[in-house]
Amino acid sequence: MLKSRLFWKLFLAFALVNLLTAAALMSASLGWQREELVELSRRELTSVAVLIEAPAAEWVATRSEDAARRVRELAEQVGATVRVSGGGEELVAGPEPPRGAAEQNTVHAQRPLTDDGGRVVGRIDVTRPGETRAEALAALGERYTRYAAVLAGLVLLVGFGLVSHVVGPVQELDRAARAMAAGAYRQRAFVGNNDELGQLAQSFNRMSEDLGRQLDELRERDHRQATVLGGMIEGVIAIDGRRHVLFANAAAGKLFGFFPPQVEARPLLEAVRNHALHQAVTAAIESRTPQRLEIDWEERVMSVQVTPLVGDKTTGAIVVMHDTTELRRLENLRRDFVANVSHELKTPLSAIKANAETLLRGAVDDLENRGRFLQGIDVQADRLSVLIQDMLSLARIESAQQPFAIHAVPIAPAVQECLQDYEQQAEVKGVALAAAGPDGRPDVRVKADPEGLRIILNNLVDNAIKYTPAGGAVRVSWSETDGAAGGPPGVVRIQVADTGVGIPGEKIARVFERFYRVDEARSREMGGTGLGLSIVKHLAQSFGGSVSVDSRPKEGSRFVVTLPAA
């Protein structure tokens with residue numbers, strides 16, 4: 001309270017006004033009292049003159065000593081100087097009359113003396129010494145001084161109480177307002193006054209309650225919006241009219257490589273250095289119309305929608321970005337897939353149609369050649385059937401529609417069965433087949449579907465035989481790795497190695513794509529569909545494994561399938 005400047009202003013103003021008013025009233029009262037004292041003294045002296053009139057008249061008439069004595073006694077009794085003059089003589093009784101400065105405080109009273117006929121024969125002049133009046137005035141001033149001291153104390157005490165009663169609530173309101181400014185929006189001002197200050201405090205408390213509730217609702221709404229924006233896969237950036245970033249979600253930061261809180265209040269061009277995006281934002285803000293565009297950003301493609309906010313040009317815009325790189329890749333894959341399927345189906349269908357047309361035009365009656373045409377139709381139909389079957393299998397695997405009975409499958413029997421199936425094909429081509437498992441571990445098992453494992457082995461062995469010239473070899477081996485061997489624990493590596501033509505280094509990365517052939521002419525000549533390795537990759541991934549290849553031209557290839565150990 002004592003540190004409040006408002007308190008001291010009000011208190012000093014109150015005290016000064018009241019003290020000046022009291023001083024003026026006391027000064028006027030003291031002057032009035034002085035005048036009353038003078039008048040009272042004058043009346044008293046007039047009464048003394050009346051009292052002395054009889055002996056004074058006797059003394060003027062007779063010059064009687066007895067009359068003079070009585071005048072002196074009365075003058076001594078009343079403490080006043082009495083002058084009786086008449087007939088050329090003067091009688092002075094009582095104290096000696098004042099001289100000099102003391103004469104200023106004396107009080108005089110006069111009364112004429114008359115004879116029986118009413119003629120003035122003399123005069124009585126009564127004077128009271130100034131010391132007597134000065135003493136009375138001093139006593140009166142001392143009394144007023146005591147009154148002034150008591151009155152000043154009361155004024156200061158009452159002023160302190162009244163000003164405190166006013167300033168206290170103001171200070172309480174100021175404290176609550178400062179607390180609200182610091183963020184404590186549910187502050188209360190405790191004011192017990194029943195006056196306007198009390199009403200102001202009640203209004204402040206209601207405002208604080210309403211403001212706190214509204215801020216809680218805003219925080220909750222902001223939290224929900226932040227959660228929604230943070231969970232979006234699309235990048236969102238809010239821009240103000242000056243092209244500065246107001247807000248950016250985590251997806252936008254991930255797409256463009258920045259930390260969202262650090263780019264707020266910075267120019268958009270600093271956060272995303274892409275002039276096409278900046279121009280689209282400027283156009284959207286200036287024209288108040290949405291803008292759509294695609295931008296290239298670090299080998300990725302972004303689809304961007306810029307929408308101006310409602311209002312004038314100072315309100316800014318919202319930028320929504322979506323990474324369409326994968327979608328673009330899938331569209332390209334779909335387009336390539338359709339083209340490849342059309343091309344792959346066209347070849348056998350054209351051969352079937354050509355043979356059928358030849359038979360219809362008369363070759364059916366040519367007993368020597370019709371068998372060759374029918375055989376061509378049969379071969380192409382088989383090729384078409386295999387192609388369609390591979391496409392359906394790959395589609396089911398990719399869409400997870402094909403159920404797998406995954407359990408522990410022993411490797412050795414599966415490899416032996418596969419080699420037996422391809423033994424005749426290898427012999428015809430002059431390729432040697434071999435299998436080798438880990439020493440002392442004939443019971444190595446993997447977690448896989450038996451039929452899926454058979455397809456993996458068949459495709460890899462079939463490809464190895466096809467691309468290995470006569471005199472070459474195809475070897476299937478497997479091993480189980482653990483932490484002691486330097487590999488991940490519980491993993492089985494199945495290797496299919498050949499001594500064939502190999503794969504050029506620039507083509508290795510694409511060998512697992514659908515319909516991709518290292519040598520298209522040779523592959524079609526051998527009856528391949530171009531889907532075998534793609535099926536191997538998707539089956540291995542479905543079993544929780546992977547596939548890789550290591551190859552060099554004219555030195556052969558080594559395909560490695562990694563599957564979880566059982």
# chains A, B, ... in the order shown; residues from 1 in each chain; ligands from 1
>>> select_by_dssp(residues="stretch 209-336 of chain A", states="strand (DSSP E or B)", output="number ranges by chain")
A: 235-239, 244-248, 267, 291-297, 300-308, 317-323
>>> write_last_selection(atoms="C-alpha atoms", output="compact mmCIF listing (two decimals), in the first residue's frame")
# COMPACT_ATOMS: atom_id res chain seq x y z
CA GLY A 235 2.15 -31.33 -45.98
CA VAL A 236 0.31 -28.17 -44.89
CA ILE A 237 1.83 -24.68 -44.73
CA ALA A 238 -0.14 -21.55 -43.77
CA ILE A 239 1.15 -18.33 -45.35
CA HIS A 244 5.78 -15.54 -44.33
CA VAL A 245 5.13 -18.93 -42.77
CA LEU A 246 2.43 -18.90 -40.09
CA PHE A 247 2.28 -22.66 -39.51
CA ALA A 248 3.73 -25.85 -40.96
CA PRO A 267 9.69 -16.07 -45.60
CA GLN A 291 -3.69 -22.59 -57.86
CA ARG A 292 -2.67 -26.17 -58.71
CA LEU A 293 0.76 -27.30 -59.83
CA GLU A 294 3.35 -30.05 -59.63
CA ILE A 295 6.89 -29.38 -58.52
CA ASP A 296 10.03 -31.50 -58.55
CA TRP A 297 11.85 -31.62 -55.25
CA ARG A 300 10.40 -36.47 -55.86
CA VAL A 301 7.22 -35.16 -57.41
CA MET A 302 4.89 -32.97 -55.32
CA SER A 303 1.28 -32.21 -56.13
CA VAL A 304 0.52 -28.75 -54.70
CA GLN A 305 -2.81 -27.02 -54.05
CA VAL A 306 -2.65 -23.34 -53.02
CA THR A 307 -5.93 -21.97 -51.63
CA PRO A 308 -6.29 -18.29 -50.59
CA ALA A 317 -3.15 -18.69 -48.18
CA ILE A 318 -2.96 -22.40 -47.33
CA VAL A 319 -0.54 -24.65 -49.20
CA VAL A 320 -1.34 -28.38 -49.23
CA MET A 321 1.29 -30.70 -50.69
CA HIS A 322 1.18 -34.42 -51.43
CA ASP A 323 4.12 -36.57 -52.41
>>> residues_around(residues="A:Glu65", least_positions_apart="6", cutoff="12 Å", atoms="only C-alpha atoms", output="PyMOL selection string")
chain A and resi 55-56+58-59+71-72+91
>>> residues_around(residues="A:Val415", least_positions_apart="2", cutoff="9 Å", atoms="only C-alpha atoms", output="list in words")
Ile411, Ala412, Pro413, Glu417, Cys418, Leu419, Gln420, Ala435, Arg454, Leu457, Val476 and Ser477 of chain A
>>> atom_distance(atom1="atom CA of A:Gly505", atom2="atom CA of A:Phe559")
14.3 Å
>>> closest_residue(among="A:Ala250, A:Arg383, A:Pro450, A:Ile535", to="A:Gly231", atoms="only C-alpha atoms")
A:Ala250
>>> residues_around(residues="A:Ala75", least_positions_apart="2", cutoff="10 Å", atoms="only C-alpha atoms", output="ChimeraX atom specification")
/A:48-49,52,69-73,77-83,92-95,126-128
